[in-house]
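Peer 1: This is the structure, below, for whatever I ask next.
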Amino acid sequence: MPHRPSSATLAELKGAVGAGGWLESTADVAPYLIDFRRLYSGSTPLVLLPRATEEVARLLRICNRDEIAVVPHGGNTSYCGGATPDETGSQVVISLQRLNKVRRVDAVDYSMVVEAGVTLAAAQEAARGADRLFPLSLGSEGTAQIGGNLSTNAGGTAVLRYGMMRDLILGLEVVLADGRVVAGLKCLRKDNTGYDVKSLFVGAEGTLGIITAAALKLFPLPADSATALIGIDSPRQALALLAHMRTAAGDQITTFELMPRFAVELTVKHVPGVADPSSFSCPWYLLVELTSPNPKQNLDQLLSAELQEAAERGGVRDAMLAASTAQAQAMWKLRESIPEAQRRQGASLKHDVSVPVSQIPTLIDQGSALMERLAPDGDVVAYGHAGDGNLHFNLSQKPGTDVGGFLARAHALEDAMFDLVESLGGSISAEHGIGRLKAREFAQRADPTELAVMHSLKMALDPKGILNPGKVLCAS
């Protein structure tokens, strides 16, 4: 069990990063103590700001020796409290924000090496500077950092084509709990030498080691794209259209996002500058984007023809094709602004879940019935990545209802939703991780043998339990 750091240990930690490498005043540490959703508010005696991998190693050697708990901190965009210290005031925070160098970009090799504190937007820009694409795309990309993206195995809107963050790495540099460094930054597509060690740290949320740098895969930049906002009658029609589009366009389908009419209305109401599909009112909408590195693909024509054919079959009610980059951006803003619209509407309860793609209509139908029965003071906002089975199944408080009573339903709703998801062969966490929010639920629902393997890995790599305690795995 980690200990409270002594004044001597705190002084040694400060010395390990030098002047300007630490924060301790109440005002300075405050931004590191509250998570993005303001679910948790913690305390710390010290925030450390290392500038190099060796400094991180030095800090962990000290903390491991004295059994001091460490909370790695990135861009603070976690939805599950994974980067927030607890309330005891005994955990020190290590922020990776100053490990922000792009070490190299190799256009020929389609790879780049970046440090953990590089923001996702900066990584994207570095790739574009070499005429290459780093395809991970999130609403928080201006703030979220690569280390956090890896630690939560972030997904985003292009998973259908490019995969999760786990699929986008070639190698990792990781500092272990005792300060040893795993120097695994080879940019190899094929490396069959033993266990795939790097995968252990992706999605581990800093509980097995602190990622300090990553070798990332790059792709050709899109030279042609087509974007459409499509009106449909039901999620089942969405799946039929997805199957048809995959046959017609293959892996050129980059985005396939599902939105209910209610979510669109909320966004149009609360967020200026979004695409307003008021000319065709439909129960459901899809945001579909095709991209190709081949400028001669004529994707607008392909998408238009496929939607016309789908309309003739009765699978599409109406559609709006983007005629310009500005129109495409307005459509994207409609999709990406749903969380902001929910915040402006009032309180909300969120469930980041996934099911097999074929089960999305069942999840929506049965989940909506559950929500209406258990929380009549809420409106269902089920939207997200229909192409990969990940829905954000949320509930927004109805205007005029009691916020306290609405929020008090959270646990019962979560239990019911997770039971349903599991019955459909799904997951209680699709792309936001476990963190502190879902640790106990995960412990109760995970396969016991799989959970035992995870605890064995934790004990092997962090026997003193100093790395992000209370996150992902509950104490065994």
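We label chains A, B, ... in the order they appear in the structure tokens, count residues from 1 in each chain, and number ligands from 1 in the order shown.
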Assign secondary structure with DSSP using the backbone only, and return the residues of region 263-384 of chain A in alpha helix (DSSP H) as a PyMOL selection string.
Peer 2: chain A and resi 263-270+299-313+325-336+338-345+360-374
Peer 1: From the options A:Gln366, A:Ser304, A:Thr193, A:Gln97, which residue's atoms come nearest to Ala248 (chain A), counting only C-alpha atoms?
Peer 2: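 Nearest to Ala248 (chain A): A:Ser304.
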Peer 1: I'd like the neighbourhood of Arg180 (chain A) as a ChimeraX atom specification, where a residue qualifies if any of its atoms comes within 9 Å (using only C-alpha atoms), though same-chain residues fewer than 2 positions away should be ignored.
Peer 2: /A:57,60-61,174-178,182
Peer 1: Pull N, CA and C atoms from the residues just selected and write them as an mmCIF file, in the first residue's frame.
Peer 2:
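New file again26.cif:
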```cif
data_model
loop_
_atom_site.group_PDB
_atom_site.id
_atom_site.type_symbol
_atom_site.label_atom_id
_atom_site.label_comp_id
_atom_site.auth_asym_id
_atom_site.auth_seq_id
_atom_site.Cartn_x
_atom_site.Cartn_y
_atom_site.Cartn_z
ATOM 1 N N ALA A 57 11.969 8.536 -15.391
ATOM 2 C CA ALA A 57 12.578 7.360 -14.768
ATOM 3 C C ALA A 57 13.111 7.682 -13.378
ATOM 4 N N LEU A 60 10.197 7.956 -10.927
ATOM 5 C CA LEU A 60 9.599 6.680 -10.550
ATOM 6 C C LEU A 60 10.537 5.856 -9.673
ATOM 7 N N ARG A 61 11.827 5.975 -9.869
ATOM 8 C CA ARG A 61 12.753 5.271 -8.973
ATOM 9 C C ARG A 61 12.582 5.752 -7.537
ATOM 10 N N VAL A 174 8.404 3.209 -22.664
ATOM 11 C CA VAL A 174 7.617 3.192 -21.424
ATOM 12 C C VAL A 174 8.553 3.128 -20.232
ATOM 13 N N VAL A 175 8.255 3.932 -19.215
ATOM 14 C CA VAL A 175 8.995 3.847 -17.959
ATOM 15 C C VAL A 175 8.197 2.980 -16.993
ATOM 16 N N LEU A 176 8.838 1.927 -16.482
ATOM 17 C CA LEU A 176 8.189 1.023 -15.545
ATOM 18 C C LEU A 176 8.192 1.604 -14.134
ATOM 19 N N ALA A 177 7.451 0.962 -13.250
ATOM 20 C CA ALA A 177 7.289 1.483 -11.890
ATOM 21 C C ALA A 177 8.610 1.669 -11.169
ATOM 22 N N ASP A 178 9.590 0.800 -11.435
ATOM 23 C CA ASP A 178 10.877 0.889 -10.732
ATOM 24 C C ASP A 178 11.881 1.783 -11.450
ATOM 25 N N VAL A 182 11.515 0.705 -20.964
ATOM 26 C CA VAL A 182 11.317 -0.181 -22.108
ATOM 27 C C VAL A 182 11.527 0.663 -23.357
#
```
Peer 1: Name the residues in contact with Arg236 (chain A) at a cut-off of 10 Å, using only C-alpha atoms, excluding same-chain residues fewer than 5 positions from it; report them as a list in words.
Peer 2: Leu241, Leu242, Gly315, Ser358, Gln359, Ile360, Pro361 and Thr362 of chain A
Peer 1: Could you find all residues in region 62-284 of chain A that DSSP calls strand (DSSP E or B) from the backbone, and write them as a PyMOL selection string?
Peer 2: chain A and resi 68+70-73+92-95+102-106+111-115+119+132-133+145+169-175+181-184+210-217+219-220+224-232+253-260+284
Peer 1: Taking into account only C-alpha atoms, which residue in the set A:Pro295, A:Gly405, A:Pro31, A:Pro356 is nearest to Ala375 (chain A)?
Peer 2: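 Using only C-alpha atoms, Ala375 (chain A) sits closest to A:Gly405.
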Peer 1: Return as CSV the residues of region 384-414 of chain A lying at most 10 Å from region 252-269 of chain A, together with the closest atom-to-atom pair for each and the distance in Å to one decimal, counting only C-alpha atoms, with rows in chain order and ascending residue number.
Peer 2:
```
residue,atom,partner,partner_atom,distance
A:Gly384,CA,A:Leu258,CA,5.4
A:His385,CA,A:Glu257,CA,4.9
A:Ala386,CA,A:Glu257,CA,5.5
A:Gly387,CA,A:Phe256,CA,5.3
A:Asp388,CA,A:Phe256,CA,8.5
A:Asn390,CA,A:Glu257,CA,9.8
A:Leu391,CA,A:Leu258,CA,8.5
A:Ser396,CA,A:Ala263,CA,9.8
```
Peer 1: Those residues you just picked out, can you put them in a file as an mmCIF file, in the first residue's frame with C-alpha atoms?
Peer 2:
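And here's part14.cif as it stands now:
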```cif
data_model
loop_
_atom_site.group_PDB
_atom_site.id
_atom_site.type_symbol
_atom_site.label_atom_id
_atom_site.label_comp_id
_atom_site.auth_asym_id
_atom_site.auth_seq_id
_atom_site.Cartn_x
_atom_site.Cartn_y
_atom_site.Cartn_z
ATOM 1 C CA GLY A 384 -22.181 7.467 -32.287
ATOM 2 C CA HIS A 385 -20.018 5.159 -34.313
ATOM 3 C CA ALA A 386 -22.480 2.820 -36.006
ATOM 4 C CA GLY A 387 -19.759 1.478 -38.269
ATOM 5 C CA ASP A 388 -17.869 -0.115 -35.365
ATOM 6 C CA ASN A 390 -19.837 1.931 -30.373
ATOM 7 C CA LEU A 391 -22.800 4.002 -29.213
ATOM 8 C CA SER A 396 -30.608 14.165 -21.109
#
```
Peer 1: Near region 212-217 of chain A, within 8 Å and counting only C-alpha atoms, which residues show up once chain neighbours fewer than 2 positions away are dropped, as a PyMOL selection string?
Peer 2: chain A and resi 53+96+99+110-117+134+147+168-175+185-187+210+219
Peer 1: Can those selected residues be exported to a file as a PDB file, in the first residue's frame so that it contains C-alpha atoms?
Peer 2:
```
ATOM      1  CA  THR A  53      12.219  10.255 -20.306  1.00  0.00           C
ATOM      2  CA  LEU A  96       3.624  14.646 -19.383  1.00  0.00           C
ATOM      3  CA  LEU A  99       7.421  15.836 -23.138  1.00  0.00           C
ATOM      4  CA  TYR A 110       5.069   6.145 -43.192  1.00  0.00           C
ATOM      5  CA  SER A 111       5.936   6.527 -39.520  1.00  0.00           C
ATOM      6  CA  MET A 112       6.737   9.131 -36.904  1.00  0.00           C
ATOM      7  CA  VAL A 113       7.988   9.149 -33.330  1.00  0.00           C
ATOM      8  CA  VAL A 114       6.388  11.594 -30.904  1.00  0.00           C
ATOM      9  CA  GLU A 115       6.582  12.122 -27.179  1.00  0.00           C
ATOM     10  CA  ALA A 116       3.613  11.456 -24.918  1.00  0.00           C
ATOM     11  CA  GLY A 117       2.810  15.115 -24.278  1.00  0.00           C
ATOM     12  CA  PHE A 134      -2.240  10.393 -38.776  1.00  0.00           C
ATOM     13  CA  GLY A 147       0.113   9.427 -24.160  1.00  0.00           C
ATOM     14  CA  LEU A 168      -1.979   2.819 -35.006  1.00  0.00           C
ATOM     15  CA  ILE A 169       1.260   2.126 -33.122  1.00  0.00           C
ATOM     16  CA  LEU A 170       4.502   0.464 -34.132  1.00  0.00           C
ATOM     17  CA  GLY A 171       6.375   0.813 -30.857  1.00  0.00           C
ATOM     18  CA  LEU A 172       6.425   2.419 -27.429  1.00  0.00           C
ATOM     19  CA  GLU A 173       8.878   3.857 -24.955  1.00  0.00           C
ATOM     20  CA  VAL A 174       7.617   3.192 -21.424  1.00  0.00           C
ATOM     21  CA  VAL A 175       8.995   3.847 -17.959  1.00  0.00           C
ATOM     22  CA  LEU A 185      10.512   2.559 -30.537  1.00  0.00           C
ATOM     23  CA  LYS A 186      11.292   0.450 -33.599  1.00  0.00           C
ATOM     24  CA  CYS A 187       9.199   1.481 -36.598  1.00  0.00           C
ATOM     25  CA  ILE A 210       4.138   5.554 -17.971  1.00  0.00           C
ATOM     26  CA  PHE A 219      -1.019   6.918 -44.079  1.00  0.00           C
TER      27      PHE A 219
END
```
Peer 1: Residues at most 7 Å from Thr152 (chain A), counting only C-alpha atoms, excluding those fewer than 2 positions away in the same chain, as a JSON list (two decimals) with C-alpha atoms, in the first residue's frame?
Peer 2:
```json
[["chain", "number", "residue", "atom", "x", "y", "z"],
["A", 148, "GLY", "CA", -3.48, 9.67, -22.96],
["A", 149, "ASN", "CA", -4.82, 8.48, -26.32],
["A", 150, "LEU", "CA", -2.64, 5.38, -25.96],
["A", 154, "ALA", "CA", -8.83, 6.00, -27.95],
["A", 202, "VAL", "CA", -2.21, 0.43, -24.47],
["A", 203, "GLY", "CA", -5.49, 0.81, -22.60],
["A", 204, "ALA", "CA", -3.80, 0.25, -19.22],
["A", 205, "GLU", "CA", -4.36, 3.90, -18.19],
["A", 432, "HIS", "CA", -13.25, 5.93, -22.88],
["A", 433, "GLY", "CA", -11.58, 3.33, -20.71]]
```
Peer 1: In Å to one decimal, how far is CA of Gly209 (chain A) from CA of His455 (chain A)?
Peer 2: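 So the answer is 14.2 Å.
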Peer 1: Measuring between only C-alpha atoms, which one of A:Ser337, A:Thr119, A:Asn468, A:Ser137 shows the shortest distance to Gly74 (chain A)?
Peer 2: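 The answer is A:Thr119, which sits nearest to Gly74 (chain A).
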Peer 1: Name the residues in contact with Ser292 (chain A) at a cut-off of 12 Å, using only C-alpha atoms, excluding same-chain residues fewer than 4 positions from it; report them as a list in words.
Peer 2: Leu133, Arg161, Phe219, Pro220, Leu221, Pro222, Ala223, Asp224, Ser225, Ala226, Ala249, Gly250, Asp251, Gln252, Ile253, Thr254, Lys296, Gln297, Asn298, Leu299, Asp300 and Leu302 of chain A
Peer 1: Those residues with N, CA and C atoms, as a compact mmCIF listing (two decimals), in the first residue's frame please?
Peer 2:
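Written file, again-v8.txt:
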```txt
# COMPACT_ATOMS: atom_id res chain seq x y z
N LEU A 133 -0.81 11.33 -43.27
CA LEU A 133 -1.99 11.41 -42.41
C LEU A 133 -1.79 10.58 -41.16
N ARG A 161 -12.28 2.60 -40.58
CA ARG A 161 -11.24 2.43 -41.60
C ARG A 161 -9.85 2.16 -41.02
N PHE A 219 -0.31 7.37 -42.89
CA PHE A 219 -1.02 6.92 -44.08
C PHE A 219 -0.97 8.02 -45.14
N PRO A 220 -1.32 7.68 -46.38
CA PRO A 220 -1.39 8.74 -47.39
C PRO A 220 -2.47 9.76 -47.03
N LEU A 221 -2.21 11.02 -47.34
CA LEU A 221 -3.24 12.04 -47.15
C LEU A 221 -4.39 11.84 -48.13
N PRO A 222 -5.62 12.03 -47.69
CA PRO A 222 -6.73 11.97 -48.63
C PRO A 222 -6.60 13.06 -49.69
N ALA A 223 -6.80 12.68 -50.94
CA ALA A 223 -6.78 13.65 -52.04
C ALA A 223 -8.18 13.86 -52.60
N ASP A 224 -9.12 13.04 -52.16
CA ASP A 224 -10.51 13.16 -52.59
C ASP A 224 -11.38 12.74 -51.42
N SER A 225 -12.51 13.40 -51.26
CA SER A 225 -13.43 13.05 -50.19
C SER A 225 -14.85 13.40 -50.59
N ALA A 226 -15.79 12.75 -49.95
CA ALA A 226 -17.21 13.05 -50.14
C ALA A 226 -17.91 12.88 -48.81
N ALA A 249 -17.87 0.69 -51.83
CA ALA A 249 -16.75 1.61 -51.62
C ALA A 249 -15.59 1.01 -50.85
N GLY A 250 -15.75 -0.19 -50.31
CA GLY A 250 -14.67 -0.83 -49.58
C GLY A 250 -14.17 0.01 -48.42
N ASP A 251 -12.84 0.06 -48.27
CA ASP A 251 -12.29 0.79 -47.13
C ASP A 251 -12.21 2.30 -47.38
N GLN A 252 -12.83 2.77 -48.44
CA GLN A 252 -12.94 4.22 -48.62
C GLN A 252 -13.98 4.81 -47.66
N ILE A 253 -14.81 3.97 -47.06
CA ILE A 253 -15.73 4.46 -46.03
C ILE A 253 -14.91 4.75 -44.77
N THR A 254 -14.78 6.01 -44.43
CA THR A 254 -13.99 6.41 -43.28
C THR A 254 -14.86 6.66 -42.06
N LYS A 296 -8.42 10.93 -58.41
CA LYS A 296 -9.27 10.62 -59.56
C LYS A 296 -10.42 9.68 -59.21
N GLN A 297 -10.68 9.47 -57.94
CA GLN A 297 -11.71 8.53 -57.53
C GLN A 297 -13.13 9.04 -57.81
N ASN A 298 -13.29 10.38 -57.79
CA ASN A 298 -14.62 10.99 -57.96
C ASN A 298 -15.60 10.42 -56.94
N LEU A 299 -15.26 10.60 -55.68
CA LEU A 299 -16.06 10.02 -54.60
C LEU A 299 -17.43 10.67 -54.47
N ASP A 300 -17.55 11.96 -54.83
CA ASP A 300 -18.87 12.60 -54.81
C ASP A 300 -19.84 11.85 -55.71
N LEU A 302 -19.58 8.71 -56.72
CA LEU A 302 -19.83 7.39 -56.16
C LEU A 302 -20.86 7.45 -55.04
```
Peer 1: Give me, please, the distance in Å between CA of Arg436 (chain A) and CA of Lys471 (chain A), quoted to one decimal.
Peer 2: 4.7 Å
Peer 1: Taking into account only C-alpha atoms, which residue in the set A:Asn64, A:Thr143, A:Ser427, A:Ser348 is nearest to Phe36 (chain A)?
Peer 2: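 Of all the options, A:Thr143 lies closest to Phe36 (chain A).
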Peer 1: Counting only C-alpha atoms, which of A:Val357, A:Asp402, A:Gly75, A:Ala328 gets nearest to Pro376 (chain A)?
Peer 2: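 Selected residue with least distance to Pro376 (chain A): A:Asp402.
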Peer 1: In Å to one decimal, how far is CA of Leu218 (chain A) from CA of Asn294 (chain A)?
Peer 2: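 Computing the Euclidean distance for CA of Asn294 (chain A) and CA of Leu218 (chain A) yields 16.3 Å.
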